[in-house]
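Enquirer: Sharing final19.cif below, mmCIF, C-alpha atoms and all ligand atoms; chains and numbers go by the auth columns:
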data_coords
loop_
_atom_site.group_PDB
_atom_site.id
_atom_site.type_symbol
_atom_site.label_atom_id
_atom_site.label_comp_id
_atom_site.label_asym_id
_atom_site.label_seq_id
_atom_site.Cartn_x
_atom_site.Cartn_y
_atom_site.Cartn_z
_atom_site.B_iso_or_equiv
_atom_site.auth_seq_id
_atom_site.auth_asym_id
ATOM 1 C CA ASP A 1 116.783 4.455 415.958 0.00 1279 V
ATOM 2 C CA TRP A 2 113.781 3.258 414.016 0.00 1280 V
ATOM 3 C CA CYS A 3 111.280 5.700 412.668 0.00 1281 V
ATOM 4 C CA ASP A 4 108.083 5.527 410.687 0.00 1282 V
ATOM 5 C CA LEU A 5 108.440 7.490 407.480 0.00 1283 V
ATOM 6 C CA GLN A 6 104.708 8.074 407.242 0.00 1284 V
ATOM 7 C CA ASP A 7 104.684 9.731 410.681 0.00 1285 V
ATOM 8 C CA ILE A 8 107.697 11.826 409.732 0.00 1286 V
ATOM 9 C CA ILE A 9 105.888 13.193 406.674 0.00 1287 V
ATOM 10 C CA GLY A 10 102.788 13.881 408.739 0.00 1288 V
ATOM 11 C CA VAL A 11 104.710 15.799 411.388 0.00 1289 V
ATOM 12 C CA ALA A 12 106.587 17.786 408.733 0.00 1290 V
ATOM 13 C CA LEU A 13 103.301 18.774 407.091 0.00 1291 V
ATOM 14 C CA ARG A 14 101.960 20.018 410.405 0.00 1292 V
ATOM 15 C CA GLN A 15 105.112 22.104 410.852 0.00 1293 V
ATOM 16 C CA VAL A 16 104.506 23.945 407.588 0.00 1294 V
ATOM 17 C CA GLU A 17 100.757 24.218 408.142 0.00 1295 V
ATOM 18 C CA ASP A 18 100.780 28.009 407.890 0.00 1296 V
ATOM 19 C CA GLN A 19 102.175 27.836 404.376 0.00 1297 V
ATOM 20 C CA ILE A 20 99.771 25.165 403.222 0.00 1298 V
ATOM 21 C CA LYS A 21 96.545 27.182 403.434 0.00 1299 V
ATOM 22 C CA GLU A 22 95.190 27.129 399.898 0.00 1300 V
ATOM 23 C CA ARG A 23 97.405 24.362 398.622 0.00 1301 V
ATOM 24 C CA ALA A 24 96.235 21.146 397.150 0.00 1302 V
ATOM 25 C CA ILE A 25 98.685 18.660 398.587 0.00 1303 V
ATOM 26 C CA GLN A 26 98.618 15.419 396.705 0.00 1304 V
ATOM 27 C CA PHE A 27 99.999 12.187 398.084 0.00 1305 V
ATOM 28 C CA ASN A 28 101.109 9.299 395.967 0.00 1306 V
ATOM 29 C CA ILE A 29 102.043 6.709 398.495 0.00 1307 V
ATOM 30 C CA SER A 30 103.073 3.174 397.686 0.00 1308 V
ATOM 31 C CA ALA A 31 101.167 0.476 399.524 0.00 1309 V
ATOM 32 C CA GLU A 32 103.656 0.196 402.339 0.00 1310 V
ATOM 33 C CA VAL A 33 105.645 3.101 403.726 0.00 1311 V
ATOM 34 C CA PRO A 34 108.503 1.490 405.600 0.00 1312 V
ATOM 35 C CA ILE A 35 109.998 1.951 409.000 0.00 1313 V
ATOM 36 C CA VAL A 36 113.509 3.236 408.395 0.00 1314 V
ATOM 37 C CA ARG A 37 116.661 3.287 410.404 0.00 1315 V
ATOM 38 C CA GLY A 38 117.735 6.815 411.177 0.00 1316 V
ATOM 39 C CA ASP A 39 117.114 10.006 413.056 0.00 1317 V
ATOM 40 C CA GLY A 40 113.440 10.893 412.792 0.00 1318 V
ATOM 41 C CA LYS A 41 113.961 14.531 413.785 0.00 1319 V
ATOM 42 C CA LEU A 42 116.562 15.042 411.075 0.00 1320 V
ATOM 43 C CA LEU A 43 114.498 13.310 408.411 0.00 1321 V
ATOM 44 C CA GLU A 44 111.578 15.510 409.449 0.00 1322 V
ATOM 45 C CA GLN A 45 113.847 18.524 408.889 0.00 1323 V
ATOM 46 C CA VAL A 46 114.565 17.279 405.357 0.00 1324 V
ATOM 47 C CA MET A 47 110.843 17.123 404.590 0.00 1325 V
ATOM 48 C CA VAL A 48 110.232 20.563 406.111 0.00 1326 V
ATOM 49 C CA ASN A 49 113.029 22.113 404.030 0.00 1327 V
ATOM 50 C CA LEU A 50 111.787 20.508 400.810 0.00 1328 V
ATOM 51 C CA LEU A 51 108.185 21.524 401.451 0.00 1329 V
ATOM 52 C CA ASP A 52 109.281 25.040 402.392 0.00 1330 V
ATOM 53 C CA ASN A 53 111.069 25.371 399.052 0.00 1331 V
ATOM 54 C CA ALA A 54 108.158 23.904 397.114 0.00 1332 V
ATOM 55 C CA PHE A 55 105.811 26.468 398.661 0.00 1333 V
ATOM 56 C CA LYS A 56 108.262 29.358 398.371 0.00 1334 V
ATOM 57 C CA TYR A 57 109.155 28.847 394.728 0.00 1335 V
ATOM 58 C CA SER A 58 105.711 28.163 393.310 0.00 1336 V
ATOM 59 C CA PRO A 59 102.497 30.186 392.980 0.00 1337 V
ATOM 60 C CA ALA A 60 100.365 30.509 396.094 0.00 1338 V
ATOM 61 C CA ASN A 61 97.627 28.108 395.084 0.00 1339 V
ATOM 62 C CA SER A 62 99.464 25.618 392.912 0.00 1340 V
ATOM 63 C CA PRO A 63 99.586 21.964 393.920 0.00 1341 V
ATOM 64 C CA VAL A 64 102.475 20.243 395.652 0.00 1342 V
ATOM 65 C CA GLU A 65 102.878 16.503 395.338 0.00 1343 V
ATOM 66 C CA ILE A 66 104.573 14.128 397.749 0.00 1344 V
ATOM 67 C CA THR A 67 105.396 10.703 396.348 0.00 1345 V
ATOM 68 C CA VAL A 68 106.715 7.763 398.326 0.00 1346 V
ATOM 69 C CA VAL A 69 107.847 4.648 396.501 0.00 1347 V
ATOM 70 C CA THR A 70 109.010 1.717 398.570 0.00 1348 V
ATOM 71 C CA GLY A 71 111.430 -0.585 396.810 0.00 1349 V
ATOM 72 C CA LYS A 72 113.091 -3.783 397.895 0.00 1350 V
ATOM 73 C CA ASN A 73 116.058 -2.192 399.634 0.00 1351 V
ATOM 74 C CA GLN A 74 115.280 1.490 399.647 0.00 1352 V
ATOM 75 C CA VAL A 75 112.523 4.027 399.872 0.00 1353 V
ATOM 76 C CA GLN A 76 112.342 7.028 397.570 0.00 1354 V
ATOM 77 C CA VAL A 77 110.539 10.226 398.449 0.00 1355 V
ATOM 78 C CA SER A 78 109.852 13.005 395.957 0.00 1356 V
ATOM 79 C CA VAL A 79 108.471 16.502 396.480 0.00 1357 V
ATOM 80 C CA ALA A 80 107.197 18.094 393.293 0.00 1358 V
ATOM 81 C CA ASP A 81 105.915 21.593 392.632 0.00 1359 V
ATOM 82 C CA ARG A 82 104.677 23.538 389.634 0.00 1360 V
ATOM 83 C CA GLY A 83 106.758 26.632 390.270 0.00 1361 V
ATOM 84 C CA ILE A 84 109.610 28.557 388.689 0.00 1362 V
ATOM 85 C CA GLY A 85 111.896 25.551 388.219 0.00 1363 V
ATOM 86 C CA ILE A 86 115.675 25.586 388.517 0.00 1364 V
ATOM 87 C CA PRO A 87 118.057 26.691 385.750 0.00 1365 V
ATOM 88 C CA ALA A 88 119.707 23.539 384.365 0.00 1366 V
ATOM 89 C CA ALA A 89 123.175 24.866 385.237 0.00 1367 V
ATOM 90 C CA ASP A 90 122.185 25.139 388.914 0.00 1368 V
ATOM 91 C CA LEU A 91 120.669 21.690 389.394 0.00 1369 V
ATOM 92 C CA THR A 92 123.621 20.249 391.299 0.00 1370 V
ATOM 93 C CA GLN A 93 124.999 23.421 392.876 0.00 1371 V
ATOM 94 C CA ILE A 94 121.791 24.228 394.763 0.00 1372 V
ATOM 95 C CA PHE A 95 122.878 21.568 397.281 0.00 1373 V
ATOM 96 C CA ASP A 96 125.995 23.582 398.125 0.00 1374 V
ATOM 97 C CA LYS A 97 126.065 25.771 401.212 0.00 1375 V
ATOM 98 C CA PHE A 98 124.742 29.315 400.598 0.00 1376 V
ATOM 99 C CA TYR A 99 124.119 28.645 396.919 0.00 1377 V
ATOM 100 C CA ARG A 100 120.993 30.272 395.509 0.00 1378 V
ATOM 101 C CA ALA A 101 119.980 30.281 391.847 0.00 1379 V
ATOM 102 C CA LYS A 102 120.455 33.676 390.208 0.00 1380 V
ATOM 103 C CA GLN A 103 116.825 33.878 389.185 0.00 1381 V
ATOM 104 C CA ILE A 104 115.583 34.232 392.746 0.00 1382 V
ATOM 105 C CA GLU A 105 118.219 36.580 394.141 0.00 1383 V
ATOM 106 C CA GLY A 106 116.639 39.441 396.055 0.00 1384 V
ATOM 107 C CA ASN A 107 113.322 37.962 395.165 0.00 1385 V
ATOM 108 C CA SER A 108 112.531 35.757 398.131 0.00 1386 V
ATOM 109 C CA ASN A 109 113.725 35.089 401.641 0.00 1387 V
ATOM 110 C CA GLY A 110 116.408 32.576 402.366 0.00 1388 V
ATOM 111 C CA ILE A 111 120.127 32.138 402.764 0.00 1389 V
ATOM 112 C CA GLY A 112 120.704 29.028 400.692 0.00 1390 V
ATOM 113 C CA LEU A 113 121.169 26.534 403.498 0.00 1391 V
ATOM 114 C CA GLY A 114 118.022 24.397 403.312 0.00 1392 V
ATOM 115 C CA LEU A 115 119.164 21.989 400.619 0.00 1393 V
ATOM 116 C CA SER A 116 122.738 21.702 401.870 0.00 1394 V
ATOM 117 C CA ILE A 117 121.328 20.632 405.226 0.00 1395 V
ATOM 118 C CA CYS A 118 119.105 18.115 403.414 0.00 1396 V
ATOM 119 C CA ARG A 119 122.097 16.695 401.582 0.00 1397 V
ATOM 120 C CA THR A 120 124.144 16.365 404.778 0.00 1398 V
ATOM 121 C CA ILE A 121 121.292 14.555 406.524 0.00 1399 V
ATOM 122 C CA ILE A 122 120.477 12.238 403.612 0.00 1400 V
ATOM 123 C CA GLU A 123 124.117 11.319 403.048 0.00 1401 V
ATOM 124 C CA ALA A 124 124.463 10.609 406.770 0.00 1402 V
ATOM 125 C CA HIS A 125 121.674 8.059 406.232 0.00 1403 V
ATOM 126 C CA ASN A 126 123.619 6.531 403.314 0.00 1404 V
ATOM 127 C CA GLY A 127 121.131 7.961 400.862 0.00 1405 V
ATOM 128 C CA LYS A 128 121.219 10.304 397.928 0.00 1406 V
ATOM 129 C CA ILE A 129 119.334 13.492 397.033 0.00 1407 V
ATOM 130 C CA TRP A 130 119.001 15.204 393.674 0.00 1408 V
ATOM 131 C CA ALA A 131 116.952 17.751 391.757 0.00 1409 V
ATOM 132 C CA GLU A 132 115.160 17.554 388.460 0.00 1410 V
ATOM 133 C CA ASN A 133 113.012 19.927 386.463 0.00 1411 V
ATOM 134 C CA ARG A 134 109.638 18.686 385.354 0.00 1412 V
ATOM 135 C CA PRO A 135 109.166 18.673 381.598 0.00 1413 V
ATOM 136 C CA ASP A 136 105.878 20.529 382.039 0.00 1414 V
ATOM 137 C CA GLY A 137 107.282 23.112 384.473 0.00 1415 V
ATOM 138 C CA GLY A 138 108.283 23.073 388.114 0.00 1416 V
ATOM 139 C CA THR A 139 110.788 21.191 390.193 0.00 1417 V
ATOM 140 C CA MET A 140 111.081 17.738 391.680 0.00 1418 V
ATOM 141 C CA ILE A 141 113.470 16.930 394.500 0.00 1419 V
ATOM 142 C CA HIS A 142 114.025 13.239 395.073 0.00 1420 V
ATOM 143 C CA PHE A 143 115.846 11.396 397.795 0.00 1421 V
ATOM 144 C CA PHE A 144 116.218 7.798 398.755 0.00 1422 V
ATOM 145 C CA ILE A 145 117.468 6.074 401.860 0.00 1423 V
ATOM 146 C CA PRO A 146 118.153 2.379 402.305 0.00 1424 V
ATOM 147 C CA VAL A 147 115.749 0.041 404.073 0.00 1425 V
ATOM 148 C CA PRO A 148 117.794 -2.954 405.169 0.00 1426 V
ATOM 149 C CA GLU A 149 115.689 -6.099 404.901 0.00 1427 V
ATOM 150 C CA GLN A 150 117.450 -7.996 407.630 0.00 1428 V
ATOM 151 C CA ASP A 151 117.144 -5.226 410.176 0.00 1429 V
ATOM 152 C CA LYS A 152 113.493 -4.889 409.355 0.00 1430 V
ATOM 153 C CA ARG A 153 112.840 -8.521 410.298 0.00 1431 V
ATOM 154 C CA LEU A 154 114.836 -8.101 413.480 0.00 1432 V
ATOM 155 C CA MET A 155 112.745 -5.145 414.468 0.00 1433 V
ATOM 156 C CA ASP A 156 109.510 -7.044 413.810 0.00 1434 V
ATOM 157 C CA GLN A 157 110.644 -9.660 416.301 0.00 1435 V
ATOM 158 C CA GLU A 158 111.527 -7.057 418.899 0.00 1436 V
ATOM 159 C CA GLY A 159 108.209 -5.380 418.272 0.00 1437 V
ATOM 160 C CA SER A 160 106.301 -8.559 419.014 0.00 1438 V
ATOM 161 C CA ILE A 161 108.250 -9.042 422.247 0.00 1439 V
ATOM 162 C CA PHE A 162 107.316 -5.547 423.364 0.00 1440 V
ATOM 163 C CA ASN A 163 103.717 -6.254 422.566 0.00 1441 V
ATOM 164 C CA GLY A 164 103.809 -9.213 424.870 0.00 1442 V
ATOM 165 C CA ASN A 165 103.206 -11.723 422.081 0.00 1443 V
HETATM 166 P P1 LIG B . 116.890 28.665 402.956 0.00 1 M
HETATM 167 O O1 LIG B . 116.366 27.303 402.633 0.00 1 M
HETATM 168 O O2 LIG B . 118.220 28.598 403.628 0.00 1 M
HETATM 169 O O3 LIG B . 115.899 29.493 403.632 0.00 1 M
HETATM 170 P P2 LIG B . 116.949 28.869 400.104 0.00 1 M
HETATM 171 O O4 LIG B . 115.573 28.304 399.973 0.00 1 M
HETATM 172 O O5 LIG B . 117.342 29.921 399.138 0.00 1 M
HETATM 173 O O6 LIG B . 117.178 29.415 401.569 0.00 1 M
HETATM 174 P P3 LIG B . 117.903 26.181 399.606 0.00 1 M
HETATM 175 O O7 LIG B . 116.677 25.595 400.189 0.00 1 M
HETATM 176 O O8 LIG B . 119.204 25.557 399.941 0.00 1 M
HETATM 177 O O9 LIG B . 118.047 27.730 399.983 0.00 1 M
HETATM 178 O O10 LIG B . 117.750 26.195 398.031 0.00 1 M
HETATM 179 C C1 LIG B . 118.837 26.669 397.241 0.00 1 M
HETATM 180 C C2 LIG B . 118.331 27.295 395.971 0.00 1 M
HETATM 181 O O11 LIG B . 117.768 26.282 395.128 0.00 1 M
HETATM 182 C C3 LIG B . 117.211 28.292 396.151 0.00 1 M
HETATM 183 O O12 LIG B . 117.732 29.575 396.458 0.00 1 M
HETATM 184 C C4 LIG B . 116.534 28.265 394.777 0.00 1 M
HETATM 185 O O13 LIG B . 117.297 29.013 393.862 0.00 1 M
HETATM 186 C C5 LIG B . 116.675 26.812 394.394 0.00 1 M
HETATM 187 N N1 LIG B . 115.487 26.015 394.713 0.00 1 M
HETATM 188 C C6 LIG B . 115.366 25.143 395.746 0.00 1 M
HETATM 189 N N2 LIG B . 114.158 24.539 395.721 0.00 1 M
HETATM 190 C C7 LIG B . 113.513 25.030 394.643 0.00 1 M
HETATM 191 C C8 LIG B . 112.225 24.789 394.061 0.00 1 M
HETATM 192 N N3 LIG B . 111.360 23.931 394.598 0.00 1 M
HETATM 193 N N4 LIG B . 111.906 25.490 392.928 0.00 1 M
HETATM 194 C C9 LIG B . 112.775 26.358 392.377 0.00 1 M
HETATM 195 N N5 LIG B . 113.997 26.625 392.877 0.00 1 M
HETATM 196 C C10 LIG B . 114.365 25.969 393.995 0.00 1 M
HETATM 197 MG MG MG B . 115.064 26.605 401.195 0.00 2 M
#
Could you quickly redo this structure as structure tokens?
Ligand code: ATP
Ligand code: MG
Expert:
Amino acid sequence: DWCDLQDIIGVALRQVEDQIKERAIQFNISAEVPIVRGDGKLLEQVMVNLLDNAFKYSPANSPVEITVVTGKNQVQVSVADRGIGIPAADLTQIFDKFYRAKQIEGNSNGIGLGLSICRTIIEAHNGKIWAENRPDGGTMIHFFIPVPEQDKRLMDQEGSIFNGN
């Protein structure tokens, strides 16, 4: 299926509305957010999980940034917070099932599944997801998924047929 990444982000944000309250959410969106090939519901789940973490592991009124960069053959999405960060030794393991960094044990709700679900979904879309600490504090989770150029053109043609043009 085809899905509009911009819509997916919008729907995900509405799903976490309760947590947003006092947050400054900043968007850095490249000129054109592409239509991607994939399962919109699952990609929405990825965004919800990443936003949930960003809110959960950062102070109540600190900003969260969503960045979308559209490249030639792929689109990269990043969710950045200014929270507690992730110990360097845990940066890859946090994507494993039930893995939680020691620093947060008993300190917040969760079972350690959110990111493993994200990884499963992103890899099913032939993409990649990884974590990085910000030099000035906080965490960034990035993922990319491919945007096949040829398919995109095909879809444009179909689109114009549906529109009666
Ligand atoms: P669940 O998502 O299942 O409710 P969870 O949030 O603990 O529980 P994951 O989303 O898989 O599980 O995250 C795994 C671990 O990675 C977290 O327990 C936390 O230690 C760390 N982590 C994830 N996102 C962040 C973040 N934005 N800042 C700091 N640590 C994070
Ligand atoms: Mg989580």
Enquirer: Kindly resolve the PyMOL selection byres (((chain V and resi 1374) around 12) and not hetatm) on the present coordinates and return the residues as a PDB file with C-alpha atoms, in the frame of the given file.
Expert:
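What landed in result_13.pdb:
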ATOM      1  CA  ASP V1368     122.185  25.139 388.914  1.00  0.00           C
ATOM      2  CA  LEU V1369     120.669  21.690 389.394  1.00  0.00           C
ATOM      3  CA  THR V1370     123.621  20.249 391.299  1.00  0.00           C
ATOM      4  CA  GLN V1371     124.999  23.421 392.876  1.00  0.00           C
ATOM      5  CA  ILE V1372     121.791  24.228 394.763  1.00  0.00           C
ATOM      6  CA  PHE V1373     122.878  21.568 397.281  1.00  0.00           C
ATOM      7  CA  LYS V1375     126.065  25.771 401.212  1.00  0.00           C
ATOM      8  CA  PHE V1376     124.742  29.315 400.598  1.00  0.00           C
ATOM      9  CA  TYR V1377     124.119  28.645 396.919  1.00  0.00           C
ATOM     10  CA  ARG V1378     120.993  30.272 395.509  1.00  0.00           C
ATOM     11  CA  ALA V1379     119.980  30.281 391.847  1.00  0.00           C
ATOM     12  CA  ILE V1389     120.127  32.138 402.764  1.00  0.00           C
ATOM     13  CA  GLY V1390     120.704  29.028 400.692  1.00  0.00           C
ATOM     14  CA  LEU V1391     121.169  26.534 403.498  1.00  0.00           C
ATOM     15  CA  GLY V1392     118.022  24.397 403.312  1.00  0.00           C
ATOM     16  CA  LEU V1393     119.164  21.989 400.619  1.00  0.00           C
ATOM     17  CA  SER V1394     122.738  21.702 401.870  1.00  0.00           C
ATOM     18  CA  ILE V1395     121.328  20.632 405.226  1.00  0.00           C
ATOM     19  CA  CYS V1396     119.105  18.115 403.414  1.00  0.00           C
ATOM     20  CA  ARG V1397     122.097  16.695 401.582  1.00  0.00           C
ATOM     21  CA  THR V1398     124.144  16.365 404.778  1.00  0.00           C
ATOM     22  CA  TRP V1408     119.001  15.204 393.674  1.00  0.00           C
TER      23      TRP V1408
END
Enquirer: Have a look at atom P2 of ligand LIG 1 (chain M) and CA of Gly1416 in chain V and let me know their distance in Å, one decimal.
Expert: 15.9 Å
Enquirer: Counting all atoms listed in the file, select every polymer residue within 9 Å of (105.1, 19.9, 391.5) as defined in the file's coordinates, and provide the selection as a VMD selection string.
Expert: chain V and resid 1332 1336 1340 to 1344 1357 to 1361 1412 1415 to 1418
Enquirer: Counting all atoms listed in the file, figure out which residue out of V:Val1314, V:Ala1367, V:Leu1329, V:Ala1309 gets nearest to Gly1288 in chain V.
Expert: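 Checking each candidate against Gly1288 in chain V, we get V:Leu1329 as the closest.
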Enquirer: To one decimal place in Å, what is the distance between CA of Trp1280 in chain V and CA of Glu1295 in chain V?
Expert: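 About the pair CA of Trp1280 in chain V and CA of Glu1295 in chain V: they are 25.4 Å apart.
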Enquirer: By how many Å are CA of Lys1350 in chain V and CA of Ile1419 in chain V apart?
Expert: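 Here the two named atoms are 21.0 Å from each other.
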Enquirer: So, with only C-alpha atoms as the atoms that count, which of V:Val1326, V:Pro1365, V:Pro1312, V:Leu1321 lies closest to Arg1292 in chain V?
Expert: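 Once distances to Arg1292 in chain V are computed over only C-alpha atoms, the minimum belongs to V:Val1326.
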